[in-house]
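Worksheet: the structure to be examined is printed underneath.
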Amino acid sequence: MFETDKEILGWYERQPRALTNEFVSSIPWRDVGNHELNPAFVPVLLYMRDVEYFTEMYYRELRRTPTGRDPVIKKFMDRWSTEENQHARLLNRFLNEAGIPTSEKWQAEAKSRISWRYTIESYLLDYALTPFGKHFHGAHMVWGTINEITTLQGYRRLSELARHPVLTRLLGAIVQEESIHSSFFWNMARVKLSQAKFSRDLARFIIRRFWTPVGQGAKPQHETNYVISTLFSGIDGLDFFKRTVTNRVTRLPGFKGFTALEEKVAPIVQT
Ligand SMILES: [Fe+2]
Ligand SMILES: [Fe+2]
């Protein structure tokens with residue numbers, strides 16, 4: 001167990017990248033088109049690509065807040081945002097190799113489709129919370145933990161369901177990196193939340209009040225629901241969510257018995 005945020009950063013920095021240049025060039029890209037890709041997964045891949053890309057925007061927003069100015073978190077985020085950006089580009093490349101054309105300006109187009117309401121709301125939220133300063137770090141880290149774990153599990157399901165050998169290989173490496181991200185956020189959340197009761201109460205309040213599944217808000221709700229129902233239908237999605245996400249989050253200080261996440265997810269996975 002890590003005691004300080006610097007130890008967690010040190011651990012993160014010692015983790016080798018799964019998506020090295022050698023790995024990326026060893027992917028049999030030319031072989032992608034030789035395997036069938038079920039068209040139902042195309043919107044899922046596009047959603048994931050865009051959400052990965054939005055990390056850059058999220059990072060820019062976060063840099064205006066006390067969390068983003070924390071030297072340890074900032075150092076993590078520099079590498080983290082680069083990794084997420086590469087995930088986006090690799091998913092886009094996979095789609096192209098699979099014969100699904102995407103616009104050259106897909107980044108700008110994805111960004112331009114984000115609703116103004118979301119942009120303003122996230123801006124206001126960051127500013128409203130600025131006076132809480134370092135007490136807000138815990139909430140940000142819990143939020144990150146949840147998003148990383150759900151992303152990771154989403155990729156695992158996609159890989160299992162799509163049964164496309166090249167996609168499986170690519171997602172295997174992405175999953176390794178998401179797993180490192182989720183450990184970073186989880187450990188940071190643990191350290192930050194253990195520092196003050198006010199941080200714990202604030203984090204619990206913020207997550208209960210504002211958390212939505214990864215990408216929702218920046219993406220319209222029907223797209224988020226499509227991704228969740230495509231990936232988690234046929235299994236007990238709620239049970240899966242409880243085992244993978246709730247289970248991990250409720251082990252954080254101040255989150256014992258926290259059920260708000262599954263309450264938000266239940267109506268989507270049970271339709
Ligand atoms: Fe990612
Ligand atoms: Fe990640």
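Here's how to read the names in the structure tokens: chain A, B, ... by the order shown, residue numbers from 1 in each chain, ligand numbers from 1 in the order shown.
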Q: Compute the set of protein, DNA and RNA residues whose minimum atom distance to ligand 1 is at most 12 Å, using only C-alpha atoms and all ligand atoms, and state it as a VMD selection string.
A: chain A and resid 18 to 19 47 to 56 79 to 91 144 147 to 155 170 to 182 214
Can you pull out the residues contacting stretch 248-251 of chain A? Cut-off 12 Å, using only C-alpha atoms, and skip same-chain residues under 6 positions away; I want them as a PDB file with N, CA, C and O atoms, in the first residue's frame.
ATOM      1  N   ALA A 139     -12.331  13.946  -4.892  1.00  0.00           N
ATOM      2  CA  ALA A 139     -13.476  13.747  -5.790  1.00  0.00           C
ATOM      3  C   ALA A 139     -13.009  13.503  -7.230  1.00  0.00           C
ATOM      4  O   ALA A 139     -13.488  12.601  -7.910  1.00  0.00           O
ATOM      5  N   MET A 141     -10.201  12.269  -8.156  1.00  0.00           N
ATOM      6  CA  MET A 141      -9.530  10.973  -8.246  1.00  0.00           C
ATOM      7  C   MET A 141     -10.538   9.817  -8.215  1.00  0.00           C
ATOM      8  O   MET A 141     -10.356   8.815  -8.892  1.00  0.00           O
ATOM      9  N   VAL A 142     -11.629   9.976  -7.450  1.00  0.00           N
ATOM     10  CA  VAL A 142     -12.668   8.929  -7.449  1.00  0.00           C
ATOM     11  C   VAL A 142     -13.332   8.890  -8.830  1.00  0.00           C
ATOM     12  O   VAL A 142     -13.539   7.827  -9.417  1.00  0.00           O
ATOM     13  N   TRP A 143     -13.620  10.050  -9.346  1.00  0.00           N
ATOM     14  CA  TRP A 143     -14.243  10.164 -10.674  1.00  0.00           C
ATOM     15  C   TRP A 143     -13.372   9.446 -11.715  1.00  0.00           C
ATOM     16  O   TRP A 143     -13.839   8.636 -12.524  1.00  0.00           O
ATOM     17  N   GLY A 144     -12.081   9.746 -11.662  1.00  0.00           N
ATOM     18  CA  GLY A 144     -11.127   9.114 -12.591  1.00  0.00           C
ATOM     19  C   GLY A 144     -11.106   7.602 -12.409  1.00  0.00           C
ATOM     20  O   GLY A 144     -11.075   6.851 -13.390  1.00  0.00           O
ATOM     21  N   THR A 145     -11.136   7.158 -11.159  1.00  0.00           N
ATOM     22  CA  THR A 145     -11.130   5.714 -10.889  1.00  0.00           C
ATOM     23  C   THR A 145     -12.320   5.044 -11.583  1.00  0.00           C
ATOM     24  O   THR A 145     -12.170   4.044 -12.283  1.00  0.00           O
ATOM     25  N   ILE A 146     -13.492   5.621 -11.401  1.00  0.00           N
ATOM     26  CA  ILE A 146     -14.709   5.021 -11.962  1.00  0.00           C
ATOM     27  C   ILE A 146     -14.627   4.998 -13.488  1.00  0.00           C
ATOM     28  O   ILE A 146     -14.916   3.986 -14.126  1.00  0.00           O
ATOM     29  N   ASN A 147     -14.198   6.094 -14.071  1.00  0.00           N
ATOM     30  CA  ASN A 147     -14.123   6.140 -15.532  1.00  0.00           C
ATOM     31  C   ASN A 147     -13.101   5.155 -16.095  1.00  0.00           C
ATOM     32  O   ASN A 147     -13.348   4.502 -17.105  1.00  0.00           O
ATOM     33  N   GLU A 148     -11.964   5.041 -15.437  1.00  0.00           N
ATOM     34  CA  GLU A 148     -10.936   4.121 -15.931  1.00  0.00           C
ATOM     35  C   GLU A 148     -11.406   2.675 -15.814  1.00  0.00           C
ATOM     36  O   GLU A 148     -11.199   1.876 -16.723  1.00  0.00           O
ATOM     37  N   ILE A 149     -12.054   2.339 -14.685  1.00  0.00           N
ATOM     38  CA  ILE A 149     -12.503   0.946 -14.523  1.00  0.00           C
ATOM     39  C   ILE A 149     -13.604   0.617 -15.527  1.00  0.00           C
ATOM     40  O   ILE A 149     -13.600  -0.445 -16.135  1.00  0.00           O
ATOM     41  N   THR A 150     -14.540   1.539 -15.724  1.00  0.00           N
ATOM     42  CA  THR A 150     -15.622   1.234 -16.668  1.00  0.00           C
ATOM     43  C   THR A 150     -15.075   1.133 -18.103  1.00  0.00           C
ATOM     44  O   THR A 150     -15.489   0.269 -18.868  1.00  0.00           O
ATOM     45  N   SER A 182      -6.235   2.977 -13.812  1.00  0.00           N
ATOM     46  CA  SER A 182      -7.229   2.845 -12.743  1.00  0.00           C
ATOM     47  C   SER A 182      -6.536   2.643 -11.405  1.00  0.00           C
ATOM     48  O   SER A 182      -6.993   3.162 -10.385  1.00  0.00           O
ATOM     49  N   SER A 183      -5.420   1.923 -11.383  1.00  0.00           N
ATOM     50  CA  SER A 183      -4.690   1.767 -10.116  1.00  0.00           C
ATOM     51  C   SER A 183      -4.138   3.100  -9.635  1.00  0.00           C
ATOM     52  O   SER A 183      -4.156   3.386  -8.439  1.00  0.00           O
ATOM     53  N   PHE A 185      -5.395   6.141 -10.190  1.00  0.00           N
ATOM     54  CA  PHE A 185      -6.497   6.959  -9.658  1.00  0.00           C
ATOM     55  C   PHE A 185      -7.009   6.400  -8.331  1.00  0.00           C
ATOM     56  O   PHE A 185      -7.273   7.150  -7.402  1.00  0.00           O
ATOM     57  N   TRP A 186      -7.136   5.086  -8.265  1.00  0.00           N
ATOM     58  CA  TRP A 186      -7.678   4.478  -7.045  1.00  0.00           C
ATOM     59  C   TRP A 186      -6.756   4.750  -5.850  1.00  0.00           C
ATOM     60  O   TRP A 186      -7.211   5.146  -4.775  1.00  0.00           O
ATOM     61  N   ASN A 187      -5.472   4.543  -6.073  1.00  0.00           N
ATOM     62  CA  ASN A 187      -4.522   4.772  -4.975  1.00  0.00           C
ATOM     63  C   ASN A 187      -4.448   6.238  -4.585  1.00  0.00           C
ATOM     64  O   ASN A 187      -4.346   6.578  -3.406  1.00  0.00           O
ATOM     65  N   ALA A 189      -6.880   8.382  -4.923  1.00  0.00           N
ATOM     66  CA  ALA A 189      -8.136   8.683  -4.232  1.00  0.00           C
ATOM     67  C   ALA A 189      -8.019   8.235  -2.774  1.00  0.00           C
ATOM     68  O   ALA A 189      -8.410   8.963  -1.860  1.00  0.00           O
ATOM     69  N   ARG A 190      -7.459   7.057  -2.582  1.00  0.00           N
ATOM     70  CA  ARG A 190      -7.330   6.541  -1.212  1.00  0.00           C
ATOM     71  C   ARG A 190      -6.498   7.492  -0.342  1.00  0.00           C
ATOM     72  O   ARG A 190      -6.878   7.838   0.766  1.00  0.00           O
ATOM     73  N   LEU A 193      -8.376  10.991   0.065  1.00  0.00           N
ATOM     74  CA  LEU A 193      -9.585  10.921   0.896  1.00  0.00           C
ATOM     75  C   LEU A 193      -9.247  10.646   2.357  1.00  0.00           C
ATOM     76  O   LEU A 193      -9.988  11.050   3.246  1.00  0.00           O
ATOM     77  N   SER A 194      -8.124   9.981   2.582  1.00  0.00           N
ATOM     78  CA  SER A 194      -7.805   9.665   3.979  1.00  0.00           C
ATOM     79  C   SER A 194      -7.283  10.896   4.728  1.00  0.00           C
ATOM     80  O   SER A 194      -7.162  10.875   5.939  1.00  0.00           O
ATOM     81  N   ALA A 203     -16.376  14.508  -1.744  1.00  0.00           N
ATOM     82  CA  ALA A 203     -16.268  13.539  -2.847  1.00  0.00           C
ATOM     83  C   ALA A 203     -17.551  12.721  -2.963  1.00  0.00           C
ATOM     84  O   ALA A 203     -18.085  12.532  -4.053  1.00  0.00           O
ATOM     85  N   ARG A 204     -18.040  12.268  -1.849  1.00  0.00           N
ATOM     86  CA  ARG A 204     -19.264  11.449  -1.851  1.00  0.00           C
ATOM     87  C   ARG A 204     -20.441  12.252  -2.415  1.00  0.00           C
ATOM     88  O   ARG A 204     -21.224  11.755  -3.229  1.00  0.00           O
ATOM     89  N   ILE A 207     -19.851  12.894  -6.363  1.00  0.00           N
ATOM     90  CA  ILE A 207     -20.043  11.702  -7.192  1.00  0.00           C
ATOM     91  C   ILE A 207     -21.529  11.328  -7.228  1.00  0.00           C
ATOM     92  O   ILE A 207     -22.080  11.026  -8.283  1.00  0.00           O
ATOM     93  N   PHE A 241     -21.418  -4.759 -13.016  1.00  0.00           N
ATOM     94  CA  PHE A 241     -21.023  -3.418 -12.604  1.00  0.00           C
ATOM     95  C   PHE A 241     -20.704  -3.384 -11.097  1.00  0.00           C
ATOM     96  O   PHE A 241     -19.708  -2.805 -10.672  1.00  0.00           O
ATOM     97  N   LYS A 242     -21.541  -4.057 -10.340  1.00  0.00           N
ATOM     98  CA  LYS A 242     -21.312  -4.088  -8.889  1.00  0.00           C
ATOM     99  C   LYS A 242     -19.995  -4.779  -8.559  1.00  0.00           C
ATOM    100  O   LYS A 242     -19.247  -4.326  -7.714  1.00  0.00           O
ATOM    101  N   GLY A 257     -20.571   1.401   1.553  1.00  0.00           N
ATOM    102  CA  GLY A 257     -22.019   1.319   1.322  1.00  0.00           C
ATOM    103  C   GLY A 257     -22.546   2.295   0.279  1.00  0.00           C
ATOM    104  O   GLY A 257     -23.744   2.557   0.223  1.00  0.00           O
ATOM    105  N   PHE A 258     -21.671   2.796  -0.581  1.00  0.00           N
ATOM    106  CA  PHE A 258     -22.080   3.789  -1.588  1.00  0.00           C
ATOM    107  C   PHE A 258     -22.794   3.092  -2.751  1.00  0.00           C
ATOM    108  O   PHE A 258     -22.199   2.287  -3.469  1.00  0.00           O
ATOM    109  N   THR A 259     -24.080   3.400  -2.941  1.00  0.00           N
ATOM    110  CA  THR A 259     -24.847   2.688  -3.970  1.00  0.00           C
ATOM    111  C   THR A 259     -25.291   3.596  -5.119  1.00  0.00           C
ATOM    112  O   THR A 259     -25.968   3.148  -6.041  1.00  0.00           O
ATOM    113  N   ALA A 260     -24.891   4.872  -5.074  1.00  0.00           N
ATOM    114  CA  ALA A 260     -25.392   5.830  -6.076  1.00  0.00           C
ATOM    115  C   ALA A 260     -25.000   5.444  -7.500  1.00  0.00           C
ATOM    116  O   ALA A 260     -25.749   5.707  -8.447  1.00  0.00           O
ATOM    117  N   LEU A 261     -23.839   4.795  -7.673  1.00  0.00           N
ATOM    118  CA  LEU A 261     -23.392   4.458  -9.031  1.00  0.00           C
ATOM    119  C   LEU A 261     -24.308   3.435  -9.668  1.00  0.00           C
ATOM    120  O   LEU A 261     -24.774   3.619 -10.791  1.00  0.00           O
ATOM    121  N   GLU A 262     -24.565   2.354  -8.953  1.00  0.00           N
ATOM    122  CA  GLU A 262     -25.421   1.323  -9.564  1.00  0.00           C
ATOM    123  C   GLU A 262     -26.850   1.813  -9.744  1.00  0.00           C
ATOM    124  O   GLU A 262     -27.549   1.377 -10.651  1.00  0.00           O
TER     125      GLU A 262
END
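Using only C-alpha atoms, the nearest neighbour of A:Gly254 within the list A:Gln270, A:Trp211, A:Val191, A:Asp236 is A:Val191.
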What is the distance, in Å and to one decimal place, between atom CA of A:Ala266 and atom CA of A:Leu238?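 For atom CA of A:Ala266 relative to atom CA of A:Leu238, the distance reads 6.0 Å.
Considering only C-alpha atoms, the residue among A:Gln195, A:Ser112, A:Asn34, A:Thr168 positioned nearest to A:His135 is A:Gln195.
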Margin query: I'd like the contact shell of A:Asp5 - 8 Å cut-off, only C-alpha atoms, skipping same-chain residues fewer than 4 positions apart - returned as a ChimeraX atom specification.
Written below: /A:9,72,188,191
Could you save those same residues with N, CA and C atoms as a PDB file, in the first residue's frame?
ATOM      1  N   LEU A   9       3.065   8.152  -7.810  1.00  0.00           N
ATOM      2  CA  LEU A   9       3.600   8.670  -9.075  1.00  0.00           C
ATOM      3  C   LEU A   9       4.849   7.878  -9.484  1.00  0.00           C
ATOM      4  N   VAL A  72       2.091  16.598  -8.472  1.00  0.00           N
ATOM      5  CA  VAL A  72       2.121  15.154  -8.695  1.00  0.00           C
ATOM      6  C   VAL A  72       1.045  14.750  -9.707  1.00  0.00           C
ATOM      7  N   MET A 188      -4.499   7.117  -5.567  1.00  0.00           N
ATOM      8  CA  MET A 188      -4.487   8.550  -5.274  1.00  0.00           C
ATOM      9  C   MET A 188      -5.744   8.938  -4.503  1.00  0.00           C
ATOM     10  N   VAL A 191      -5.357   7.923  -0.881  1.00  0.00           N
ATOM     11  CA  VAL A 191      -4.479   8.820  -0.120  1.00  0.00           C
ATOM     12  C   VAL A 191      -5.161  10.169   0.129  1.00  0.00           C
TER      13      VAL A 191
END
